[in-house]
Amino acid sequence: MQTVELKVPSVGESITEVLISRWLVAAGGAVQQDEPVVVLETDKVTVDLPAPADGELAEILKQEGETAKVGEAIARIAVGAAPARAAAPAAAPAARAAAAAPGPVMPAAARLLAERGLQAEHVAASGPGGRLLKEDVLRHAEAPPATPRPATPRPATPRPAAPPPAPEARLEEIVPMTPLRKRVAERLVQAQHGAALLTTFNEIDMSQVMRLRREHQDAFREKHGVKLGFMSFFVKAVI
């Protein structure tokens, strides 16, 4: 069976390696040409790497969190291969009307499912081979909800009050920095170490300005209705 390598493309003139941020398709999953397969991060950009052909993601060579050089193969795709499916057991005549299991979920559809809080098994798939497409998720989300049947009221049965949950300790998770955040942090530290932190003082004799202000204060207030402040002298000096 023919296989093609999924290689890291050139994403910038000065970028030599990328970080494998997230695989959008698991090993053994079906892929379509030009569908995003993996998210790559650098210290400048974040890009989605599409599949070069239809087939199956046969092998993942670089796991999430690992780095890869530009031009290095990070996965292999079996061209034209369909993902293996387990054979369903024979059903009894009375149970043959049960719905079949959902097919593979395309990456674009998976992102929409996560954004809208939906489950794949609740959406009808219309793609080839039972694939769940983005259009299926949009169609399901725009469909009007089914009207629930009114439930027969039942007398409420008092239940013992549950004890309050015990306070849990605050959980902390250490997450590695992305290349972009790491480069920003390096630049901030470099700027702080290289910047000249200076304070300058300029002193002037304000006695003549204060004398003029006292001399013309009354006439200025009577003419303009406001006090004669120092800002007028500062502006005159600058001009």
# chains A, B, ... in the order shown; residues from 1 in each chain; ligands from 1
call {"tool": "residues_around", "arguments": {"residues": "region 39-49 of chain A", "least_positions_apart": "2", "cutoff": "12 Å", "atoms": "only C-alpha atoms", "output": "ChimeraX atom specification"}}
result
/A:6-25,33-37,51-52,62-70,74-75,107-108,177-187
call {"tool": "residues_around", "arguments": {"residues": "region 132-144 of chain A", "least_positions_apart": "3", "cutoff": "12 Å", "atoms": "only C-alpha atoms", "output": "PyMOL selection string"}}
result
chain A and resi 30-32+35+101-129+147
call {"tool": "atom_distance", "arguments": {"atom1": "CA of Glu215 (chain A)", "atom2": "CA of Phe233 (chain A)"}}
result
13.8 Å
call {"tool": "atom_distance", "arguments": {"atom1": "CA of Phe230 (chain A)", "atom2": "CA of Arg214 (chain A)"}}
result
11.1 Å
call {"tool": "atom_distance", "arguments": {"atom1": "CA of Ile239 (chain A)", "atom2": "CA of Thr199 (chain A)"}}
result
25.1 Å
call {"tool": "residues_around", "arguments": {"residues": "Lys227 (chain A)", "least_positions_apart": "4", "cutoff": "8 Å", "atoms": "only C-alpha atoms", "output": "PDB file with N, CA and C atoms, in the first residue's frame"}}
result
ATOM      1  N   GLN A 217      -2.818  88.597  38.821  1.00  0.00           N
ATOM      2  CA  GLN A 217      -3.844  87.626  39.177  1.00  0.00           C
ATOM      3  C   GLN A 217      -5.244  88.242  39.197  1.00  0.00           C
ATOM      4  N   PHE A 220      -6.494  89.303  35.710  1.00  0.00           N
ATOM      5  CA  PHE A 220      -6.748  88.123  34.872  1.00  0.00           C
ATOM      6  C   PHE A 220      -8.052  87.422  35.274  1.00  0.00           C
ATOM      7  N   ARG A 221      -8.280  87.312  36.580  1.00  0.00           N
ATOM      8  CA  ARG A 221      -9.501  86.664  37.052  1.00  0.00           C
ATOM      9  C   ARG A 221     -10.728  87.505  36.701  1.00  0.00           C
TER      10      ARG A 221
END
call {"tool": "select_by_dssp", "arguments": {"residues": "region 7-122 of chain A", "states": "strand (DSSP E or B)", "output": "PyMOL selection string"}}
result
chain A and resi 7+17-23+30-31+33+36-41+46-51+55-60+67-69+73-79+105
call {"tool": "write_last_selection", "arguments": {"atoms": "N, CA and C atoms", "output": "short mmCIF file (atom, residue, chain, number, x, y, z; two decimals), in the first residue's frame"}}
result
data_model
loop_
_atom_site.label_atom_id
_atom_site.label_comp_id
_atom_site.auth_asym_id
_atom_site.auth_seq_id
_atom_site.Cartn_x
_atom_site.Cartn_y
_atom_site.Cartn_z
N LYS A 7 5.15 16.08 6.14
CA LYS A 7 6.37 16.78 6.52
C LYS A 7 6.07 18.20 6.98
N GLU A 17 12.46 25.21 13.28
CA GLU A 17 11.77 24.10 13.92
C GLU A 17 10.41 24.56 14.43
N VAL A 18 9.53 23.57 14.64
CA VAL A 18 8.17 23.85 15.10
C VAL A 18 7.86 22.94 16.27
N LEU A 19 6.81 23.29 17.00
CA LEU A 19 6.32 22.47 18.11
C LEU A 19 5.03 21.78 17.68
N ILE A 20 4.94 20.47 17.92
CA ILE A 20 3.71 19.74 17.64
C ILE A 20 2.74 20.09 18.76
N SER A 21 1.79 20.96 18.47
CA SER A 21 0.88 21.44 19.49
C SER A 21 -0.25 20.45 19.76
N ARG A 22 -0.95 20.01 18.69
CA ARG A 22 -2.12 19.16 18.90
C ARG A 22 -2.43 18.40 17.63
N TRP A 23 -2.63 17.09 17.77
CA TRP A 23 -3.08 16.26 16.66
C TRP A 23 -4.60 16.32 16.58
N ALA A 30 -9.41 8.33 9.67
CA ALA A 30 -9.50 8.71 8.26
C ALA A 30 -9.20 10.19 8.09
N VAL A 31 -8.54 10.52 6.99
CA VAL A 31 -8.22 11.91 6.67
C VAL A 31 -8.64 12.18 5.24
N GLN A 33 -8.05 14.94 1.88
CA GLN A 33 -7.09 15.89 1.33
C GLN A 33 -7.48 17.32 1.69
N PRO A 36 -7.30 19.81 7.89
CA PRO A 36 -6.25 19.95 8.90
C PRO A 36 -6.07 18.65 9.69
N VAL A 37 -4.80 18.28 9.88
CA VAL A 37 -4.47 17.05 10.60
C VAL A 37 -3.78 17.36 11.92
N VAL A 38 -2.93 18.39 11.94
CA VAL A 38 -2.15 18.69 13.14
C VAL A 38 -1.95 20.20 13.22
N VAL A 39 -1.83 20.71 14.44
CA VAL A 39 -1.57 22.13 14.68
C VAL A 39 -0.10 22.30 15.05
N LEU A 40 0.59 23.16 14.32
CA LEU A 40 2.01 23.44 14.55
C LEU A 40 2.16 24.84 15.12
N GLU A 41 3.05 24.99 16.09
CA GLU A 41 3.30 26.29 16.70
C GLU A 41 4.77 26.65 16.57
N THR A 46 1.06 30.26 14.37
CA THR A 46 0.43 28.96 14.62
C THR A 46 -0.32 28.57 13.36
N VAL A 47 -0.01 27.38 12.81
CA VAL A 47 -0.58 26.97 11.53
C VAL A 47 -1.17 25.58 11.65
N ASP A 48 -2.20 25.31 10.82
CA ASP A 48 -2.79 23.97 10.67
C ASP A 48 -2.17 23.31 9.45
N LEU A 49 -1.66 22.09 9.64
CA LEU A 49 -1.04 21.37 8.53
C LEU A 49 -2.07 20.42 7.93
N PRO A 50 -2.44 20.58 6.64
CA PRO A 50 -3.47 19.73 6.04
C PRO A 50 -2.88 18.42 5.53
N ALA A 51 -3.79 17.47 5.27
CA ALA A 51 -3.39 16.18 4.71
C ALA A 51 -3.12 16.34 3.22
N GLY A 55 -6.96 9.25 2.79
CA GLY A 55 -6.45 7.97 3.26
C GLY A 55 -6.63 7.83 4.76
N GLU A 56 -5.65 7.16 5.37
CA GLU A 56 -5.68 6.87 6.80
C GLU A 56 -4.37 7.32 7.43
N LEU A 57 -4.46 7.96 8.61
CA LEU A 57 -3.27 8.37 9.35
C LEU A 57 -2.64 7.10 9.93
N ALA A 58 -1.72 6.51 9.18
CA ALA A 58 -1.19 5.21 9.55
C ALA A 58 -0.27 5.26 10.75
N GLU A 59 0.57 6.30 10.86
CA GLU A 59 1.57 6.33 11.94
C GLU A 59 1.90 7.77 12.30
N ILE A 60 1.95 8.05 13.59
CA ILE A 60 2.36 9.37 14.09
C ILE A 60 3.80 9.26 14.58
N THR A 67 9.29 18.62 19.31
CA THR A 67 9.68 19.56 18.27
C THR A 67 10.14 18.80 17.03
N ALA A 68 10.03 19.46 15.89
CA ALA A 68 10.44 18.86 14.63
C ALA A 68 11.07 19.93 13.76
N LYS A 69 12.05 19.52 12.96
CA LYS A 69 12.72 20.45 12.05
C LYS A 69 11.88 20.66 10.81
N ALA A 73 9.69 14.53 8.58
CA ALA A 73 8.42 13.82 8.54
C ALA A 73 7.91 13.63 9.97
N ILE A 74 6.62 13.96 10.19
CA ILE A 74 6.03 13.82 11.51
C ILE A 74 4.93 12.76 11.53
N ALA A 75 4.53 12.25 10.35
CA ALA A 75 3.50 11.21 10.29
C ALA A 75 3.54 10.58 8.92
N ARG A 76 2.87 9.41 8.80
CA ARG A 76 2.73 8.72 7.52
C ARG A 76 1.24 8.48 7.25
N ILE A 77 0.84 8.71 6.01
CA ILE A 77 -0.55 8.53 5.61
C ILE A 77 -0.63 7.43 4.57
N ALA A 78 -1.48 6.44 4.82
CA ALA A 78 -1.74 5.38 3.86
C ALA A 78 -2.77 5.89 2.86
N VAL A 79 -2.34 6.09 1.62
CA VAL A 79 -3.20 6.70 0.61
C VAL A 79 -4.29 5.72 0.21
N VAL A 105 -15.27 11.15 12.52
CA VAL A 105 -15.62 12.57 12.62
C VAL A 105 -14.50 13.37 11.97
#
